[in-house]
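Notes for the one structure printed next.
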Amino acid sequence: RRVLDHVATRKHAVRNRALVLVTHLAGMRVGEVASLRYEDVVDCDKKIRNEIRLDAEQTKGRHSRTVFVSERLRKELTQYVKHHPCIDPTHKLFYTQKRRREGFTANTLTQHFLSLYKNVGIEGASSHSGRRTYATTMASKGVGVRVLMRALGHRNISTTMQYVDASDDMIRRAVELI
């Protein structure tokens, strides 16, 4: 919330809000977000897709995967595309000030996230924080580890388990099940 409140008062607010929410609401890696093109997210009717299909070249493990887009994220992306309409469907979805057509690289987007979190005063946050929050939130709502594994695009369940933090509230609810 603090990050979203901060970006709302700054230049490129719509873009930065969409960037933060893509990591928090879709659990995408920063490299995946940086690689998104309009055609990956917007269909030929100019509507946000229900599913984003990432090619092997767009993912960390070089395995294609599908990212499912929630209704909330679809609304956010609709606002973004309304403010920054598609010129060419092969252009990057998220622009930078200097490289509008080519957009962010994974490295420049990582640095951008670090700057956003630092400006808000959140210690230890990184470009991966949204992905971790996504995983922990889903786990706290009872989503099974296999579903979570697929949602994160992992191929090994032990990798997924590293993302799931157990909060005191989760343990309290679990104890009450007995």
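Chain labels run A, B, ... following the order of the structure tokens; each chain numbers its residues from 1, and ligands are numbered from 1 in the order shown.
Considering only range 39-82 of chain A, backbone DSSP assigns strand (DSSP E) to Glu51, Ile52, Arg53, Leu54, Arg65, Thr66, Val67 and Phe68 of chain A.
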Selection near Leu109 in chain A, 10 Å with only C-alpha atoms, sequence-local residues under 2 positions removed, as an MDAnalysis selection string: chainID A and resid 19 30:31 33:34 94 96 103:107 111:115 127
What's the 9 Å shell around range 61-72 of chain A, counting only C-alpha atoms, without same-chain residues fewer than 5 positions away, as a list in words? Leu25, Ala26, Gly27, Met28, Ile48, Arg49, Asn50, Glu51, Ile52, Arg53, Leu54, Asp55, Ala56, Leu77, Arg150, Ala151, Leu152, Gly153, His154 and Arg155 of chain A
When DSSP is applied to the backbone of this structure, which of chain A are assigned alpha helix (DSSP H)? Write them out as a PDB file with N, CA and C atoms, in the first residue's frame.
ATOM      1  N   ARG A   2       1.931   1.249   0.820  1.00  0.00           N
ATOM      2  CA  ARG A   2       2.806   2.422   0.883  1.00  0.00           C
ATOM      3  C   ARG A   2       3.452   2.710  -0.463  1.00  0.00           C
ATOM      4  N   VAL A   3       3.842   1.679  -1.156  1.00  0.00           N
ATOM      5  CA  VAL A   3       4.471   1.869  -2.470  1.00  0.00           C
ATOM      6  C   VAL A   3       3.456   2.455  -3.442  1.00  0.00           C
ATOM      7  N   LEU A   4       2.242   1.932  -3.440  1.00  0.00           N
ATOM      8  CA  LEU A   4       1.211   2.436  -4.356  1.00  0.00           C
ATOM      9  C   LEU A   4       0.845   3.883  -4.028  1.00  0.00           C
ATOM     10  N   ASP A   5       0.777   4.209  -2.748  1.00  0.00           N
ATOM     11  CA  ASP A   5       0.504   5.599  -2.356  1.00  0.00           C
ATOM     12  C   ASP A   5       1.626   6.519  -2.836  1.00  0.00           C
ATOM     13  N   HIS A   6       2.857   6.051  -2.718  1.00  0.00           N
ATOM     14  CA  HIS A   6       4.015   6.837  -3.147  1.00  0.00           C
ATOM     15  C   HIS A   6       3.996   7.070  -4.664  1.00  0.00           C
ATOM     16  N   VAL A   7       3.810   5.994  -5.440  1.00  0.00           N
ATOM     17  CA  VAL A   7       3.874   6.155  -6.894  1.00  0.00           C
ATOM     18  C   VAL A   7       2.732   7.012  -7.421  1.00  0.00           C
ATOM     19  N   ALA A   8       1.619   7.043  -6.694  1.00  0.00           N
ATOM     20  CA  ALA A   8       0.472   7.854  -7.133  1.00  0.00           C
ATOM     21  C   ALA A   8       0.806   9.341  -7.182  1.00  0.00           C
ATOM     22  N   ALA A  13       3.005   7.604 -12.773  1.00  0.00           N
ATOM     23  CA  ALA A  13       2.243   6.907 -11.736  1.00  0.00           C
ATOM     24  C   ALA A  13       1.488   5.690 -12.277  1.00  0.00           C
ATOM     25  N   VAL A  14       0.852   5.829 -13.421  1.00  0.00           N
ATOM     26  CA  VAL A  14       0.055   4.724 -13.973  1.00  0.00           C
ATOM     27  C   VAL A  14       0.963   3.545 -14.320  1.00  0.00           C
ATOM     28  N   ARG A  15       2.088   3.833 -14.955  1.00  0.00           N
ATOM     29  CA  ARG A  15       3.041   2.779 -15.307  1.00  0.00           C
ATOM     30  C   ARG A  15       3.585   2.096 -14.064  1.00  0.00           C
ATOM     31  N   ASN A  16       4.028   2.882 -13.097  1.00  0.00           N
ATOM     32  CA  ASN A  16       4.635   2.309 -11.901  1.00  0.00           C
ATOM     33  C   ASN A  16       3.644   1.503 -11.075  1.00  0.00           C
ATOM     34  N   ARG A  17       2.411   1.955 -11.018  1.00  0.00           N
ATOM     35  CA  ARG A  17       1.365   1.192 -10.324  1.00  0.00           C
ATOM     36  C   ARG A  17       1.175  -0.157 -11.011  1.00  0.00           C
ATOM     37  N   ALA A  18       1.086  -0.136 -12.331  1.00  0.00           N
ATOM     38  CA  ALA A  18       0.903  -1.387 -13.083  1.00  0.00           C
ATOM     39  C   ALA A  18       2.094  -2.322 -12.879  1.00  0.00           C
ATOM     40  N   LEU A  19       3.299  -1.789 -12.898  1.00  0.00           N
ATOM     41  CA  LEU A  19       4.493  -2.611 -12.690  1.00  0.00           C
ATOM     42  C   LEU A  19       4.460  -3.304 -11.330  1.00  0.00           C
ATOM     43  N   VAL A  20       4.181  -2.538 -10.282  1.00  0.00           N
ATOM     44  CA  VAL A  20       4.136  -3.109  -8.931  1.00  0.00           C
ATOM     45  C   VAL A  20       3.054  -4.175  -8.843  1.00  0.00           C
ATOM     46  N   LEU A  21       1.889  -3.884  -9.392  1.00  0.00           N
ATOM     47  CA  LEU A  21       0.777  -4.820  -9.261  1.00  0.00           C
ATOM     48  C   LEU A  21       0.944  -6.076 -10.117  1.00  0.00           C
ATOM     49  N   VAL A  22       1.663  -5.993 -11.217  1.00  0.00           N
ATOM     50  CA  VAL A  22       1.929  -7.207 -12.000  1.00  0.00           C
ATOM     51  C   VAL A  22       2.757  -8.189 -11.175  1.00  0.00           C
ATOM     52  N   THR A  23       3.696  -7.679 -10.409  1.00  0.00           N
ATOM     53  CA  THR A  23       4.493  -8.597  -9.583  1.00  0.00           C
ATOM     54  C   THR A  23       3.683  -9.122  -8.403  1.00  0.00           C
ATOM     55  N   HIS A  24       2.839  -8.281  -7.814  1.00  0.00           N
ATOM     56  CA  HIS A  24       2.062  -8.699  -6.644  1.00  0.00           C
ATOM     57  C   HIS A  24       0.815  -9.516  -6.986  1.00  0.00           C
ATOM     58  N   LEU A  25       0.215  -9.268  -8.126  1.00  0.00           N
ATOM     59  CA  LEU A  25      -1.046  -9.940  -8.466  1.00  0.00           C
ATOM     60  C   LEU A  25      -0.890 -11.071  -9.482  1.00  0.00           C
ATOM     61  N   ALA A  26       0.273 -11.171 -10.105  1.00  0.00           N
ATOM     62  CA  ALA A  26       0.509 -12.273 -11.043  1.00  0.00           C
ATOM     63  C   ALA A  26       1.753 -13.067 -10.666  1.00  0.00           C
ATOM     64  N   VAL A  30      10.792 -10.299 -12.426  1.00  0.00           N
ATOM     65  CA  VAL A  30      11.094  -9.005 -13.027  1.00  0.00           C
ATOM     66  C   VAL A  30      11.517  -9.165 -14.497  1.00  0.00           C
ATOM     67  N   GLY A  31      12.251 -10.201 -14.818  1.00  0.00           N
ATOM     68  CA  GLY A  31      12.653 -10.440 -16.203  1.00  0.00           C
ATOM     69  C   GLY A  31      11.464 -10.742 -17.100  1.00  0.00           C
ATOM     70  N   GLU A  32      10.482 -11.434 -16.550  1.00  0.00           N
ATOM     71  CA  GLU A  32       9.264 -11.733 -17.313  1.00  0.00           C
ATOM     72  C   GLU A  32       8.472 -10.459 -17.565  1.00  0.00           C
ATOM     73  N   VAL A  33       8.369  -9.622 -16.543  1.00  0.00           N
ATOM     74  CA  VAL A  33       7.649  -8.348 -16.686  1.00  0.00           C
ATOM     75  C   VAL A  33       8.348  -7.474 -17.716  1.00  0.00           C
ATOM     76  N   ALA A  34       9.662  -7.405 -17.632  1.00  0.00           N
ATOM     77  CA  ALA A  34      10.431  -6.580 -18.572  1.00  0.00           C
ATOM     78  C   ALA A  34      10.280  -7.073 -20.009  1.00  0.00           C
ATOM     79  N   SER A  35      10.056  -8.359 -20.188  1.00  0.00           N
ATOM     80  CA  SER A  35       9.967  -8.918 -21.540  1.00  0.00           C
ATOM     81  C   SER A  35       8.578  -8.802 -22.166  1.00  0.00           C
ATOM     82  N   TYR A  38       3.081  -5.768 -25.890  1.00  0.00           N
ATOM     83  CA  TYR A  38       1.637  -5.516 -25.937  1.00  0.00           C
ATOM     84  C   TYR A  38       0.881  -6.749 -26.397  1.00  0.00           C
ATOM     85  N   GLU A  39       1.383  -7.424 -27.420  1.00  0.00           N
ATOM     86  CA  GLU A  39       0.671  -8.578 -27.968  1.00  0.00           C
ATOM     87  C   GLU A  39       0.576  -9.733 -26.979  1.00  0.00           C
ATOM     88  N   ASP A  40       1.431  -9.770 -25.967  1.00  0.00           N
ATOM     89  CA  ASP A  40       1.350 -10.798 -24.934  1.00  0.00           C
ATOM     90  C   ASP A  40       0.172 -10.556 -24.005  1.00  0.00           C
ATOM     91  N   VAL A  41      -0.202  -9.286 -23.837  1.00  0.00           N
ATOM     92  CA  VAL A  41      -1.162  -8.887 -22.814  1.00  0.00           C
ATOM     93  C   VAL A  41      -2.495  -8.422 -23.392  1.00  0.00           C
ATOM     94  N   GLU A  71      -9.098 -10.733 -12.199  1.00  0.00           N
ATOM     95  CA  GLU A  71      -9.965  -9.617 -12.594  1.00  0.00           C
ATOM     96  C   GLU A  71      -9.381  -8.293 -12.114  1.00  0.00           C
ATOM     97  N   ARG A  72      -8.850  -8.288 -10.915  1.00  0.00           N
ATOM     98  CA  ARG A  72      -8.252  -7.053 -10.383  1.00  0.00           C
ATOM     99  C   ARG A  72      -7.074  -6.595 -11.233  1.00  0.00           C
ATOM    100  N   LEU A  73      -6.209  -7.521 -11.615  1.00  0.00           N
ATOM    101  CA  LEU A  73      -5.063  -7.161 -12.447  1.00  0.00           C
ATOM    102  C   LEU A  73      -5.518  -6.745 -13.844  1.00  0.00           C
ATOM    103  N   ARG A  74      -6.549  -7.395 -14.356  1.00  0.00           N
ATOM    104  CA  ARG A  74      -7.067  -7.030 -15.675  1.00  0.00           C
ATOM    105  C   ARG A  74      -7.545  -5.571 -15.672  1.00  0.00           C
ATOM    106  N   LYS A  75      -8.192  -5.141 -14.597  1.00  0.00           N
ATOM    107  CA  LYS A  75      -8.646  -3.752 -14.485  1.00  0.00           C
ATOM    108  C   LYS A  75      -7.458  -2.790 -14.440  1.00  0.00           C
ATOM    109  N   GLU A  76      -6.433  -3.149 -13.701  1.00  0.00           N
ATOM    110  CA  GLU A  76      -5.238  -2.296 -13.602  1.00  0.00           C
ATOM    111  C   GLU A  76      -4.541  -2.170 -14.959  1.00  0.00           C
ATOM    112  N   LEU A  77      -4.408  -3.297 -15.641  1.00  0.00           N
ATOM    113  CA  LEU A  77      -3.748  -3.271 -16.950  1.00  0.00           C
ATOM    114  C   LEU A  77      -4.588  -2.531 -17.984  1.00  0.00           C
ATOM    115  N   THR A  78      -5.896  -2.611 -17.857  1.00  0.00           N
ATOM    116  CA  THR A  78      -6.792  -1.857 -18.744  1.00  0.00           C
ATOM    117  C   THR A  78      -6.542  -0.364 -18.579  1.00  0.00           C
ATOM    118  N   GLN A  79      -6.397   0.094 -17.326  1.00  0.00           N
ATOM    119  CA  GLN A  79      -6.106   1.506 -17.074  1.00  0.00           C
ATOM    120  C   GLN A  79      -4.761   1.904 -17.667  1.00  0.00           C
ATOM    121  N   TYR A  80      -3.778   1.026 -17.513  1.00  0.00           N
ATOM    122  CA  TYR A  80      -2.454   1.324 -18.047  1.00  0.00           C
ATOM    123  C   TYR A  80      -2.507   1.462 -19.568  1.00  0.00           C
ATOM    124  N   VAL A  81      -3.125   0.507 -20.223  1.00  0.00           N
ATOM    125  CA  VAL A  81      -3.193   0.518 -21.695  1.00  0.00           C
ATOM    126  C   VAL A  81      -4.015   1.710 -22.190  1.00  0.00           C
ATOM    127  N   LYS A  82      -5.005   2.115 -21.418  1.00  0.00           N
ATOM    128  CA  LYS A  82      -5.793   3.289 -21.787  1.00  0.00           C
ATOM    129  C   LYS A  82      -4.908   4.542 -21.782  1.00  0.00           C
ATOM    130  N   HIS A  83      -4.014   4.648 -20.812  1.00  0.00           N
ATOM    131  CA  HIS A  83      -3.112   5.792 -20.715  1.00  0.00           C
ATOM    132  C   HIS A  83      -1.930   5.696 -21.677  1.00  0.00           C
ATOM    133  N   ALA A 106      15.655  -6.444 -17.867  1.00  0.00           N
ATOM    134  CA  ALA A 106      15.494  -7.033 -16.536  1.00  0.00           C
ATOM    135  C   ALA A 106      16.324  -6.253 -15.516  1.00  0.00           C
ATOM    136  N   ASN A 107      17.522  -5.853 -15.908  1.00  0.00           N
ATOM    137  CA  ASN A 107      18.389  -5.132 -14.985  1.00  0.00           C
ATOM    138  C   ASN A 107      17.851  -3.737 -14.662  1.00  0.00           C
ATOM    139  N   THR A 108      17.433  -2.991 -15.675  1.00  0.00           N
ATOM    140  CA  THR A 108      16.940  -1.640 -15.401  1.00  0.00           C
ATOM    141  C   THR A 108      15.641  -1.685 -14.594  1.00  0.00           C
ATOM    142  N   LEU A 109      14.817  -2.702 -14.822  1.00  0.00           N
ATOM    143  CA  LEU A 109      13.581  -2.822 -14.047  1.00  0.00           C
ATOM    144  C   LEU A 109      13.886  -3.226 -12.601  1.00  0.00           C
ATOM    145  N   THR A 110      14.885  -4.065 -12.409  1.00  0.00           N
ATOM    146  CA  THR A 110      15.313  -4.422 -11.050  1.00  0.00           C
ATOM    147  C   THR A 110      15.749  -3.166 -10.299  1.00  0.00           C
ATOM    148  N   GLN A 111      16.537  -2.339 -10.952  1.00  0.00           N
ATOM    149  CA  GLN A 111      17.001  -1.095 -10.331  1.00  0.00           C
ATOM    150  C   GLN A 111      15.828  -0.147 -10.058  1.00  0.00           C
ATOM    151  N   HIS A 112      14.864  -0.131 -10.950  1.00  0.00           N
ATOM    152  CA  HIS A 112      13.682   0.715 -10.778  1.00  0.00           C
ATOM    153  C   HIS A 112      12.899   0.282  -9.531  1.00  0.00           C
ATOM    154  N   PHE A 113      12.703  -1.014  -9.376  1.00  0.00           N
ATOM    155  CA  PHE A 113      11.996  -1.513  -8.187  1.00  0.00           C
ATOM    156  C   PHE A 113      12.764  -1.182  -6.909  1.00  0.00           C
ATOM    157  N   LEU A 114      14.076  -1.379  -6.933  1.00  0.00           N
ATOM    158  CA  LEU A 114      14.884  -1.049  -5.752  1.00  0.00           C
ATOM    159  C   LEU A 114      14.716   0.420  -5.372  1.00  0.00           C
ATOM    160  N   SER A 115      14.674   1.277  -6.377  1.00  0.00           N
ATOM    161  CA  SER A 115      14.499   2.710  -6.144  1.00  0.00           C
ATOM    162  C   SER A 115      13.118   3.008  -5.549  1.00  0.00           C
ATOM    163  N   LEU A 116      12.088   2.381  -6.089  1.00  0.00           N
ATOM    164  CA  LEU A 116      10.734   2.596  -5.562  1.00  0.00           C
ATOM    165  C   LEU A 116      10.655   2.206  -4.094  1.00  0.00           C
ATOM    166  N   TYR A 117      11.132   1.016  -3.759  1.00  0.00           N
ATOM    167  CA  TYR A 117      11.065   0.540  -2.378  1.00  0.00           C
ATOM    168  C   TYR A 117      11.936   1.385  -1.451  1.00  0.00           C
ATOM    169  N   LYS A 118      13.096   1.796  -1.921  1.00  0.00           N
ATOM    170  CA  LYS A 118      13.987   2.626  -1.114  1.00  0.00           C
ATOM    171  C   LYS A 118      13.339   3.972  -0.822  1.00  0.00           C
ATOM    172  N   ASN A 119      12.706   4.574  -1.835  1.00  0.00           N
ATOM    173  CA  ASN A 119      12.055   5.876  -1.664  1.00  0.00           C
ATOM    174  C   ASN A 119      10.925   5.830  -0.642  1.00  0.00           C
ATOM    175  N   VAL A 120      10.331   4.673  -0.471  1.00  0.00           N
ATOM    176  CA  VAL A 120       9.240   4.518   0.487  1.00  0.00           C
ATOM    177  C   VAL A 120       9.789   4.143   1.869  1.00  0.00           C
ATOM    178  N   SER A 129      10.150  -8.970  -4.314  1.00  0.00           N
ATOM    179  CA  SER A 129       9.234  -8.857  -3.180  1.00  0.00           C
ATOM    180  C   SER A 129       7.784  -9.094  -3.570  1.00  0.00           C
ATOM    181  N   GLY A 130       7.377  -8.591  -4.708  1.00  0.00           N
ATOM    182  CA  GLY A 130       6.000  -8.808  -5.165  1.00  0.00           C
ATOM    183  C   GLY A 130       5.718 -10.280  -5.398  1.00  0.00           C
ATOM    184  N   ARG A 131       6.656 -10.978  -5.980  1.00  0.00           N
ATOM    185  CA  ARG A 131       6.520 -12.417  -6.247  1.00  0.00           C
ATOM    186  C   ARG A 131       6.419 -13.200  -4.937  1.00  0.00           C
ATOM    187  N   ARG A 132       7.238 -12.831  -3.961  1.00  0.00           N
ATOM    188  CA  ARG A 132       7.181 -13.504  -2.649  1.00  0.00           C
ATOM    189  C   ARG A 132       5.847 -13.222  -1.952  1.00  0.00           C
ATOM    190  N   THR A 133       5.385 -11.983  -2.039  1.00  0.00           N
ATOM    191  CA  THR A 133       4.100 -11.620  -1.444  1.00  0.00           C
ATOM    192  C   THR A 133       2.967 -12.392  -2.109  1.00  0.00           C
ATOM    193  N   TYR A 134       3.022 -12.504  -3.412  1.00  0.00           N
ATOM    194  CA  TYR A 134       2.024 -13.271  -4.176  1.00  0.00           C
ATOM    195  C   TYR A 134       1.961 -14.708  -3.659  1.00  0.00           C
ATOM    196  N   ALA A 135       3.103 -15.343  -3.518  1.00  0.00           N
ATOM    197  CA  ALA A 135       3.156 -16.739  -3.073  1.00  0.00           C
ATOM    198  C   ALA A 135       2.661 -16.882  -1.640  1.00  0.00           C
ATOM    199  N   THR A 136       3.109 -16.016  -0.771  1.00  0.00           N
ATOM    200  CA  THR A 136       2.717 -16.103   0.636  1.00  0.00           C
ATOM    201  C   THR A 136       1.226 -15.830   0.800  1.00  0.00           C
ATOM    202  N   THR A 137       0.706 -14.850   0.072  1.00  0.00           N
ATOM    203  CA  THR A 137      -0.728 -14.536   0.153  1.00  0.00           C
ATOM    204  C   THR A 137      -1.572 -15.714  -0.312  1.00  0.00           C
ATOM    205  N   MET A 138      -1.185 -16.317  -1.414  1.00  0.00           N
ATOM    206  CA  MET A 138      -1.943 -17.476  -1.902  1.00  0.00           C
ATOM    207  C   MET A 138      -1.881 -18.627  -0.905  1.00  0.00           C
ATOM    208  N   ALA A 139      -0.708 -18.886  -0.350  1.00  0.00           N
ATOM    209  CA  ALA A 139      -0.556 -19.967   0.627  1.00  0.00           C
ATOM    210  C   ALA A 139      -1.398 -19.691   1.872  1.00  0.00           C
ATOM    211  N   SER A 140      -1.436 -18.441   2.323  1.00  0.00           N
ATOM    212  CA  SER A 140      -2.200 -18.094   3.524  1.00  0.00           C
ATOM    213  C   SER A 140      -3.703 -18.239   3.308  1.00  0.00           C
ATOM    214  N   VAL A 145       0.132 -26.388  -2.461  1.00  0.00           N
ATOM    215  CA  VAL A 145       1.497 -26.145  -2.933  1.00  0.00           C
ATOM    216  C   VAL A 145       1.670 -26.514  -4.409  1.00  0.00           C
ATOM    217  N   ARG A 146       0.952 -27.504  -4.907  1.00  0.00           N
ATOM    218  CA  ARG A 146       1.067 -27.869  -6.326  1.00  0.00           C
ATOM    219  C   ARG A 146       0.479 -26.777  -7.222  1.00  0.00           C
ATOM    220  N   VAL A 147      -0.638 -26.210  -6.805  1.00  0.00           N
ATOM    221  CA  VAL A 147      -1.236 -25.102  -7.565  1.00  0.00           C
ATOM    222  C   VAL A 147      -0.292 -23.901  -7.520  1.00  0.00           C
ATOM    223  N   LEU A 148       0.241 -23.640  -6.355  1.00  0.00           N
ATOM    224  CA  LEU A 148       1.180 -22.537  -6.192  1.00  0.00           C
ATOM    225  C   LEU A 148       2.418 -22.745  -7.063  1.00  0.00           C
ATOM    226  N   MET A 149       2.901 -23.961  -7.109  1.00  0.00           N
ATOM    227  CA  MET A 149       4.069 -24.294  -7.938  1.00  0.00           C
ATOM    228  C   MET A 149       3.809 -23.945  -9.403  1.00  0.00           C
ATOM    229  N   ARG A 150       2.639 -24.323  -9.901  1.00  0.00           N
ATOM    230  CA  ARG A 150       2.298 -24.013 -11.295  1.00  0.00           C
ATOM    231  C   ARG A 150       2.114 -22.510 -11.504  1.00  0.00           C
ATOM    232  N   ALA A 151       1.473 -21.847 -10.541  1.00  0.00           N
ATOM    233  CA  ALA A 151       1.238 -20.404 -10.667  1.00  0.00           C
ATOM    234  C   ALA A 151       2.555 -19.632 -10.719  1.00  0.00           C
ATOM    235  N   LEU A 152       3.555 -20.111  -9.999  1.00  0.00           N
ATOM    236  CA  LEU A 152       4.853 -19.440  -9.984  1.00  0.00           C
ATOM    237  C   LEU A 152       5.745 -19.869 -11.143  1.00  0.00           C
ATOM    238  N   ILE A 157       8.957 -28.613  -6.593  1.00  0.00           N
ATOM    239  CA  ILE A 157       8.173 -28.178  -5.436  1.00  0.00           C
ATOM    240  C   ILE A 157       9.048 -27.600  -4.323  1.00  0.00           C
ATOM    241  N   SER A 158      10.288 -28.048  -4.222  1.00  0.00           N
ATOM    242  CA  SER A 158      11.169 -27.519  -3.183  1.00  0.00           C
ATOM    243  C   SER A 158      11.486 -26.042  -3.438  1.00  0.00           C
ATOM    244  N   THR A 159      11.518 -25.633  -4.680  1.00  0.00           N
ATOM    245  CA  THR A 159      11.720 -24.219  -5.009  1.00  0.00           C
ATOM    246  C   THR A 159      10.531 -23.409  -4.521  1.00  0.00           C
ATOM    247  N   THR A 160       9.340 -23.927  -4.750  1.00  0.00           N
ATOM    248  CA  THR A 160       8.119 -23.237  -4.326  1.00  0.00           C
ATOM    249  C   THR A 160       8.088 -23.076  -2.816  1.00  0.00           C
ATOM    250  N   MET A 161       8.501 -24.083  -2.092  1.00  0.00           N
ATOM    251  CA  MET A 161       8.451 -24.042  -0.630  1.00  0.00           C
ATOM    252  C   MET A 161       9.322 -22.919  -0.059  1.00  0.00           C
ATOM    253  N   ASP A 168       2.374 -15.758  11.926  1.00  0.00           N
ATOM    254  CA  ASP A 168       1.713 -16.141  13.181  1.00  0.00           C
ATOM    255  C   ASP A 168       0.224 -16.345  12.965  1.00  0.00           C
ATOM    256  N   ASP A 169      -0.374 -15.500  12.133  1.00  0.00           N
ATOM    257  CA  ASP A 169      -1.800 -15.607  11.859  1.00  0.00           C
ATOM    258  C   ASP A 169      -2.132 -16.935  11.158  1.00  0.00           C
ATOM    259  N   MET A 170      -1.288 -17.344  10.243  1.00  0.00           N
ATOM    260  CA  MET A 170      -1.503 -18.629   9.561  1.00  0.00           C
ATOM    261  C   MET A 170      -1.422 -19.785  10.556  1.00  0.00           C
ATOM    262  N   ILE A 171      -0.466 -19.713  11.470  1.00  0.00           N
ATOM    263  CA  ILE A 171      -0.313 -20.780  12.470  1.00  0.00           C
ATOM    264  C   ILE A 171      -1.508 -20.783  13.412  1.00  0.00           C
ATOM    265  N   ARG A 172      -1.976 -19.589  13.821  1.00  0.00           N
ATOM    266  CA  ARG A 172      -3.172 -19.519  14.677  1.00  0.00           C
ATOM    267  C   ARG A 172      -4.373 -20.188  14.008  1.00  0.00           C
ATOM    268  N   ARG A 173      -4.585 -19.886  12.741  1.00  0.00           N
ATOM    269  CA  ARG A 173      -5.711 -20.486  12.021  1.00  0.00           C
ATOM    270  C   ARG A 173      -5.547 -21.994  11.893  1.00  0.00           C
ATOM    271  N   ALA A 174      -4.330 -22.450  11.656  1.00  0.00           N
ATOM    272  CA  ALA A 174      -4.074 -23.879  11.541  1.00  0.00           C
ATOM    273  C   ALA A 174      -4.348 -24.601  12.850  1.00  0.00           C
ATOM    274  N   VAL A 175      -3.944 -24.002  13.963  1.00  0.00           N
ATOM    275  CA  VAL A 175      -4.165 -24.609  15.274  1.00  0.00           C
ATOM    276  C   VAL A 175      -5.651 -24.733  15.560  1.00  0.00           C
ATOM    277  N   GLU A 176      -6.415 -23.760  15.122  1.00  0.00           N
ATOM    278  CA  GLU A 176      -7.868 -23.775  15.356  1.00  0.00           C
ATOM    279  C   GLU A 176      -8.578 -24.867  14.552  1.00  0.00           C
TER     280      GLU A 176
END
For Lys47 in chain A, the nearest of the candidates A:Lys141, A:Thr59, A:Asn156, A:Cys86, counting only C-alpha atoms: A:Cys86
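Of the listed residues A:Leu177, A:His128, A:Leu36, A:His84, the one whose atoms come nearest to His12 in chain A is A:His84, with distances taken using only C-alpha atoms.
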